[in-house]
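Engineer: Sending over data_2.txt (compact mmCIF, C-alpha atoms).
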# COMPACT_ATOMS: atom_id res chain seq x y z
CA MET A 1 -51.40 26.37 -24.16
CA LEU A 2 -48.87 29.09 -24.89
CA LEU A 3 -45.83 27.01 -24.34
CA ALA A 4 -46.37 23.40 -24.63
CA ALA A 5 -45.73 24.63 -28.14
CA LEU A 6 -43.64 27.55 -27.02
CA LEU A 7 -42.35 27.36 -23.45
CA LEU A 8 -44.37 25.99 -20.59
CA SER A 9 -44.52 29.27 -18.81
CA LEU A 10 -42.37 29.71 -15.80
CA LEU A 11 -44.47 29.67 -12.68
CA ALA A 12 -48.13 29.18 -13.28
CA PHE A 13 -48.72 31.34 -10.24
CA ALA A 14 -49.70 34.30 -12.39
CA ASN A 15 -53.36 34.89 -13.16
CA GLN A 16 -54.20 32.85 -16.22
CA ALA A 17 -56.16 35.81 -17.59
CA ALA A 18 -53.05 37.98 -17.50
CA ALA A 19 -51.62 39.32 -20.74
CA VAL A 20 -48.30 37.57 -21.33
CA SER A 21 -45.50 39.07 -23.40
CA TRP A 22 -42.57 36.97 -24.53
CA TYR A 23 -39.16 38.09 -25.78
CA PHE A 24 -36.61 35.36 -26.31
CA LEU A 25 -33.76 34.03 -28.40
CA ARG A 26 -33.48 30.28 -28.92
CA TYR A 27 -30.61 28.09 -30.09
CA TYR A 28 -31.13 24.57 -31.44
CA PRO A 29 -28.23 22.11 -31.77
CA ALA A 30 -27.57 20.14 -34.94
CA SER A 31 -29.73 17.11 -35.71
CA GLY A 32 -28.99 14.22 -33.35
CA GLN A 33 -27.34 16.42 -30.73
CA LYS A 34 -28.44 17.45 -27.25
CA PHE A 35 -27.22 20.16 -24.91
CA THR A 36 -25.18 19.02 -21.91
CA SER A 37 -24.21 22.31 -20.28
CA PHE A 38 -25.18 25.98 -20.33
CA SER A 39 -23.33 28.66 -18.40
CA GLY A 40 -22.67 32.39 -18.41
CA THR A 41 -23.10 35.63 -16.50
CA MET A 42 -26.28 37.70 -16.36
CA ALA A 43 -26.24 41.44 -15.62
CA VAL A 44 -29.08 42.37 -13.28
CA PRO A 45 -31.24 45.10 -14.88
CA THR A 46 -33.03 47.96 -13.17
CA GLN A 47 -36.42 47.30 -11.63
CA PRO A 48 -38.84 50.26 -11.75
CA LYS A 49 -41.51 48.56 -9.62
CA ALA A 50 -42.75 45.25 -8.27
CA ALA A 51 -44.21 43.34 -11.21
CA THR A 52 -44.54 39.85 -12.60
CA ILE A 53 -41.26 39.90 -14.50
CA TYR A 54 -39.16 36.80 -15.11
CA VAL A 55 -35.79 37.03 -16.84
CA TRP A 56 -33.94 33.81 -17.45
CA PRO A 57 -31.60 31.60 -19.39
CA GLY A 58 -32.95 28.09 -19.72
CA LEU A 59 -33.10 24.74 -21.49
CA GLN A 60 -36.14 23.06 -22.96
CA PRO A 61 -36.37 19.34 -23.89
CA THR A 62 -37.41 17.70 -27.13
CA ASP A 63 -40.83 16.76 -25.73
CA ASN A 64 -41.59 20.36 -24.64
CA SER A 65 -42.61 18.98 -21.23
CA GLY A 66 -41.23 21.96 -19.31
CA VAL A 67 -38.29 24.30 -18.99
CA TYR A 68 -35.17 24.13 -16.79
CA GLN A 69 -34.17 27.67 -15.93
CA ASN A 70 -32.27 30.15 -13.76
CA VAL A 71 -34.95 32.73 -13.03
CA LEU A 72 -34.57 36.36 -12.03
CA ASP A 73 -37.95 37.08 -10.40
CA GLY A 74 -39.25 40.66 -9.96
CA ARG A 75 -42.58 40.06 -8.23
CA SER A 76 -41.57 41.32 -4.78
CA GLY A 77 -40.01 44.57 -5.98
CA THR A 78 -36.53 43.24 -5.20
CA TRP A 79 -34.93 40.87 -7.66
CA TRP A 80 -34.60 37.27 -6.47
CA ILE A 81 -32.86 34.56 -8.47
CA GLY A 82 -33.14 30.79 -8.19
CA SER A 83 -33.04 27.70 -10.38
CA GLY A 84 -35.70 25.12 -11.10
CA TRP A 85 -37.83 23.05 -13.42
CA CYS A 86 -41.24 24.30 -14.49
CA CYS A 87 -43.69 22.88 -14.07
CA SER A 88 -44.48 19.13 -14.03
CA ASN A 89 -43.44 15.76 -15.50
CA PRO A 90 -41.60 15.52 -13.18
CA SER A 91 -42.81 17.71 -10.32
CA LEU A 92 -39.67 18.95 -8.57
CA PRO A 93 -39.15 21.43 -5.72
CA TRP A 94 -37.71 24.77 -6.72
CA GLY A 95 -34.06 25.37 -5.88
CA SER A 96 -32.63 27.82 -3.41
CA GLY A 97 -31.60 31.36 -4.34
CA PHE A 98 -30.84 34.89 -3.15
CA ASN A 99 -31.70 38.54 -3.64
CA THR A 100 -29.68 40.57 -6.10
CA TYR A 101 -29.75 44.18 -7.23
CA ALA A 102 -29.45 46.31 -10.35
CA GLY A 103 -25.85 46.68 -11.49
CA GLU A 104 -24.74 43.36 -10.02
CA THR A 105 -23.96 40.25 -12.05
CA VAL A 106 -24.87 36.65 -11.36
CA ALA A 107 -22.93 33.73 -12.82
CA PHE A 108 -24.98 30.64 -13.70
CA THR A 109 -23.92 27.11 -14.59
CA ASN A 110 -26.14 24.19 -15.55
CA THR A 111 -24.35 20.89 -16.10
CA LEU A 112 -25.47 17.34 -16.86
CA GLY A 113 -23.99 14.72 -14.53
CA SER A 114 -24.45 10.95 -14.43
CA SER A 115 -27.91 11.10 -12.84
CA THR A 116 -28.87 14.77 -12.35
CA TRP A 117 -28.46 18.25 -13.72
CA THR A 118 -26.68 20.62 -11.34
CA SER A 119 -27.34 24.36 -11.24
CA THR A 120 -25.01 26.79 -9.48
CA LEU A 121 -25.61 30.53 -9.06
CA THR A 122 -22.98 32.97 -7.75
CA ARG A 123 -23.62 36.59 -6.81
CA SER A 124 -20.59 38.58 -7.92
CA SER A 125 -20.78 41.35 -5.34
CA THR A 126 -20.67 39.04 -2.32
CA GLY A 127 -19.51 35.67 -3.60
CA GLU A 128 -22.73 34.09 -2.29
CA THR A 129 -23.31 30.76 -4.02
CA VAL A 130 -26.19 28.30 -4.15
CA SER A 131 -26.18 24.91 -5.85
CA ASN A 132 -29.02 22.46 -6.49
CA ASN A 133 -29.47 19.13 -8.23
CA PHE A 134 -32.47 18.29 -10.39
CA ALA A 135 -33.55 14.81 -11.50
CA LEU A 136 -33.66 15.69 -15.18
CA ALA A 137 -30.96 13.45 -16.64
CA SER A 138 -33.56 11.54 -18.64
CA LYS A 139 -34.54 14.71 -20.50
CA SER A 140 -32.94 15.42 -23.87
CA PHE A 141 -32.52 19.20 -24.03
CA ASN A 142 -32.44 20.58 -27.56
CA GLN A 143 -33.29 24.27 -26.96
CA ALA A 144 -31.18 26.90 -25.18
CA LEU A 145 -33.01 30.14 -24.45
CA PHE A 146 -32.40 33.69 -23.29
CA ALA A 147 -35.82 34.92 -22.22
CA ILE A 148 -37.90 37.76 -20.82
CA GLU A 149 -41.39 36.74 -19.64
CA LEU A 150 -43.83 39.50 -18.64
CA TYR A 151 -47.35 39.49 -17.19
CA ASP A 152 -49.39 42.68 -17.59
CA VAL A 153 -46.28 44.83 -17.61
CA ALA A 154 -44.16 46.47 -20.30
CA TRP A 155 -40.47 45.90 -20.95
CA ASP A 156 -39.44 49.21 -19.39
CA PHE A 157 -36.43 48.13 -17.34
CA GLY A 158 -33.69 48.42 -19.93
CA GLN A 159 -31.59 45.83 -21.65
CA VAL A 160 -30.86 42.32 -20.42
CA ALA A 161 -27.24 41.35 -21.01
CA PHE A 162 -25.50 37.98 -20.82
CA SER A 163 -21.75 37.52 -21.13
CA ASN A 164 -19.17 34.72 -21.17
CA VAL A 165 -21.79 32.27 -22.37
CA VAL A 166 -20.72 28.66 -22.95
CA ILE A 167 -23.09 26.04 -24.35
CA THR A 168 -22.01 22.45 -25.06
CA SER A 169 -23.71 19.82 -27.16
CA THR A 170 -22.96 16.15 -27.74
CA GLY A 171 -23.97 13.71 -30.43
CA SER A 172 -21.92 14.77 -33.44
CA SER A 173 -19.12 17.11 -34.50
CA ASP A 174 -21.45 19.51 -36.34
CA SER A 175 -20.82 22.98 -34.88
CA SER A 176 -22.90 24.95 -37.39
CA TRP A 177 -25.61 25.73 -34.82
CA CYS A 178 -23.19 27.85 -32.81
CA ASN A 179 -22.40 30.18 -35.69
CA ASN A 180 -25.98 30.51 -36.91
CA HIS A 181 -28.22 33.27 -35.63
CA PRO A 182 -30.65 32.09 -32.94
CA GLU A 183 -34.39 32.10 -33.46
CA ASN A 184 -35.83 35.49 -32.45
CA TYR A 185 -39.36 34.60 -31.35
CA ASN A 186 -41.90 36.59 -33.40
CA SER A 187 -39.04 38.94 -34.35
CA ALA A 188 -40.04 40.68 -31.12
CA THR A 189 -36.59 41.58 -29.80
CA VAL A 190 -33.85 43.94 -30.92
CA TYR A 191 -30.69 42.12 -29.91
CA SER A 192 -26.95 41.90 -30.44
CA ILE A 193 -24.56 38.96 -30.28
CA SER A 194 -20.78 39.14 -30.49
CA GLY A 195 -17.65 37.09 -29.95
CA VAL A 196 -18.95 33.73 -31.20
CA SER A 197 -16.59 30.77 -31.56
CA ALA A 198 -16.96 27.00 -31.67
CA THR A 199 -14.51 24.20 -30.90
CA VAL A 200 -14.99 20.47 -31.42
CA SER A 201 -13.54 17.53 -29.50
CA GLY A 202 -14.81 14.18 -30.71
CA ASN A 203 -18.60 14.44 -30.64
CA THR A 204 -18.69 17.40 -28.25
CA VAL A 205 -19.20 20.95 -29.52
CA THR A 206 -18.33 23.86 -27.24
CA CYS A 207 -19.93 27.13 -28.27
CA LYS A 208 -18.61 30.32 -26.68
CA ILE A 209 -20.44 33.63 -26.98
CA ALA A 210 -18.84 36.71 -25.48
CA SER A 211 -22.04 38.77 -25.38
CA VAL A 212 -25.80 38.28 -25.86
CA VAL A 213 -27.87 41.41 -25.28
CA LEU A 214 -31.65 41.64 -25.46
CA GLN A 215 -31.76 45.39 -26.05
CA ARG A 216 -35.42 46.40 -26.36
CA PRO A 217 -38.71 45.41 -27.97
CA ALA A 218 -38.68 45.53 -31.76
Write out the structure in this file as structure tokens.
Structural biologist:
Amino acid sequence: MLLAALLLSLLAFANQAAAVSWYFLRYYPASGQKFTSFSGTMAVPTQPKAATIYVWPGLQPTDNSGVYQNVLDGRSGTWWIGSGWCCSNPSLPWGSGFNTYAGETVAFTNTLGSSTWTSTLTRSSTGETVSNNFALASKSFNQALFAIELYDVAWDFGQVAFSNVVITSTGSSDSSWCNNHPENYNSATVYSISGVSATVSGNTVTCKIASVVLQRPA
């Protein structure tokens, strides 16, 4: 399976015989840490045509049982974004969302509470906001990803840019993961990262990244 070892693919709705292309960057925290929040702003790219395109930031747990993500979905020909957990263990309903368009930005926040993770999405052009809770507090998330997932379609819609990214981890004061380069899966993506800084308070590391841009295929 492509992503029990990699990423349990978002949405198993696509034909299993489809050719899947992955482009993603992945951060791991230091040993003994887990991620407790992930937020930022995503610039909505152009969309040349309706296609099975998923663009998302997300978190994956230590057991690789799924992925918790804020997904920009291009299947209808108009971008739609919503949050959810893919795909089982546990089986959870997908969150609410909204349409968004090229040139807009969408702010995303994913935060661990006492019993659930909460995802909030805000469309910059209108202020429209949706928020959903997911029963994932028992998961230990140790992977933060910026991903493009494509089914039988090329990456021909330009760059995917994230800004004002903040990722927090708990478990120790080791902030080295923030300043290290992320994993670039299969060296498949030309990317740029700038404005990286880390602060530590007790056993909580706050990593701030001004810009993460997946520019084009390598």
Engineer: Which residue, A:Ala137, A:Cys178, A:Val160, A:Leu59, has the smallest gap to A:Thr109 when you use only C-alpha atoms?
Structural biologist: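 Checking each candidate against A:Thr109, we get A:Leu59 as the closest.
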Engineer: Output as JSON the centre and edge lengths (Å, one decimal) of the box along x, y and z of the file that holds every listed atom of stretch 29-35 of chain A after adding 4 Å on each side.
Structural biologist:
{"center_x": -28.5, "center_y": 18.2, "center_z": -30.3, "size_x": 10.5, "size_y": 15.9, "size_z": 18.8}
Engineer: Which residues, protein or nucleic acid, reach to within 8 Å of (-43.1, 36.4, -18.8) in the file's coordinates when using only C-alpha atoms, and can you give that as a ChimeraX atom specification?
Structural biologist: /A:9-10,20-22,52-55,148-151
Engineer: Export, as a PDB file, in the coordinates of the input, the selected residues with C-alpha atoms.
Structural biologist:
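Okay, selection_30.pdb is ready:
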ATOM      1  CA  SER A   9     -44.520  29.270 -18.810  1.00  0.00           C
ATOM      2  CA  LEU A  10     -42.370  29.710 -15.800  1.00  0.00           C
ATOM      3  CA  VAL A  20     -48.300  37.570 -21.330  1.00  0.00           C
ATOM      4  CA  SER A  21     -45.500  39.070 -23.400  1.00  0.00           C
ATOM      5  CA  TRP A  22     -42.570  36.970 -24.530  1.00  0.00           C
ATOM      6  CA  THR A  52     -44.540  39.850 -12.600  1.00  0.00           C
ATOM      7  CA  ILE A  53     -41.260  39.900 -14.500  1.00  0.00           C
ATOM      8  CA  TYR A  54     -39.160  36.800 -15.110  1.00  0.00           C
ATOM      9  CA  VAL A  55     -35.790  37.030 -16.840  1.00  0.00           C
ATOM     10  CA  ILE A 148     -37.900  37.760 -20.820  1.00  0.00           C
ATOM     11  CA  GLU A 149     -41.390  36.740 -19.640  1.00  0.00           C
ATOM     12  CA  LEU A 150     -43.830  39.500 -18.640  1.00  0.00           C
ATOM     13  CA  TYR A 151     -47.350  39.490 -17.190  1.00  0.00           C
TER      14      TYR A 151
END
Engineer: Measure the distance from atom CA of A:Thr168 to atom CA of A:Pro93 in Å and round it to one decimal.
Structural biologist: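 A separation of 25.9 Å between them.
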Engineer: Report, in Å to a single decimal, how far apart atom CA of A:Gly113 and atom CA of A:Ile209 are.
Structural biologist: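 One can read the atom CA of A:Ile209 to atom CA of A:Gly113 distance as 22.9 Å.
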Engineer: List as JSON, numbers by chain the protein and nucleic acid residues near A:Phe98, meaning an atom at most 10 Å away when all atoms listed in the file are counted, but skip any in the same chain fewer than 3 places from it.
Structural biologist: {"A": [72, 79, 80, 81, 82, 121, 122, 123, 128, 129, 130]}
Engineer: Could you check which of A:Ala147, A:Ala198, A:Ala218, A:Ala107 is closest to A:Ser131, using only C-alpha atoms?
Structural biologist: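 Using only C-alpha atoms, A:Ser131 sits closest to A:Ala107.
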Engineer: When you look at A:Gln159 with a cut-off of 10 Å (counting all atoms listed in the file), what residues show up, excluding the ones that are within fewer than 3 positions of it in the same chain? I need them as a VMD selection string.
Structural biologist: chain A and resid 43 to 46 155 to 156 162 190 to 191 213 to 217
Engineer: What is the atom CA of A:Asp152 to atom CA of A:Ala19 distance in Å?
Structural biologist: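 Atom CA of A:Ala19 lies at a distance of 5.1 Å from atom CA of A:Asp152.
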Engineer: Counting only C-alpha atoms, which of A:Gly66, A:Gly74, A:Gly40, A:Gly195 gets nearest to A:Thr120?
Structural biologist: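 Using only C-alpha atoms, the shortest distance to A:Thr120 belongs to A:Gly40.
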Engineer: Neighbouring residues of A:Val212 were defined as those with any atom within 7 Å, considering only C-alpha atoms; residues of the same chain fewer than 2 positions away were excluded. Please report them as JSON, numbers by chain.
Structural biologist: {"A": [161, 162, 163, 192, 193, 194, 214]}
Engineer: Pick the closest to A:Ser65 from A:Ser169, A:Ser175, A:Asn184, A:Ser140: which is it, counting all atoms listed in the file?
Structural biologist: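 Of the candidates, the smallest distance to A:Ser65 is held by A:Ser140.
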Engineer: Given the choices A:Ala51, A:Leu25, A:Ala102, A:Leu112, which gets closest to A:Gly77 if the distance is worked out from all atoms listed in the file?
Structural biologist: A:Ala51
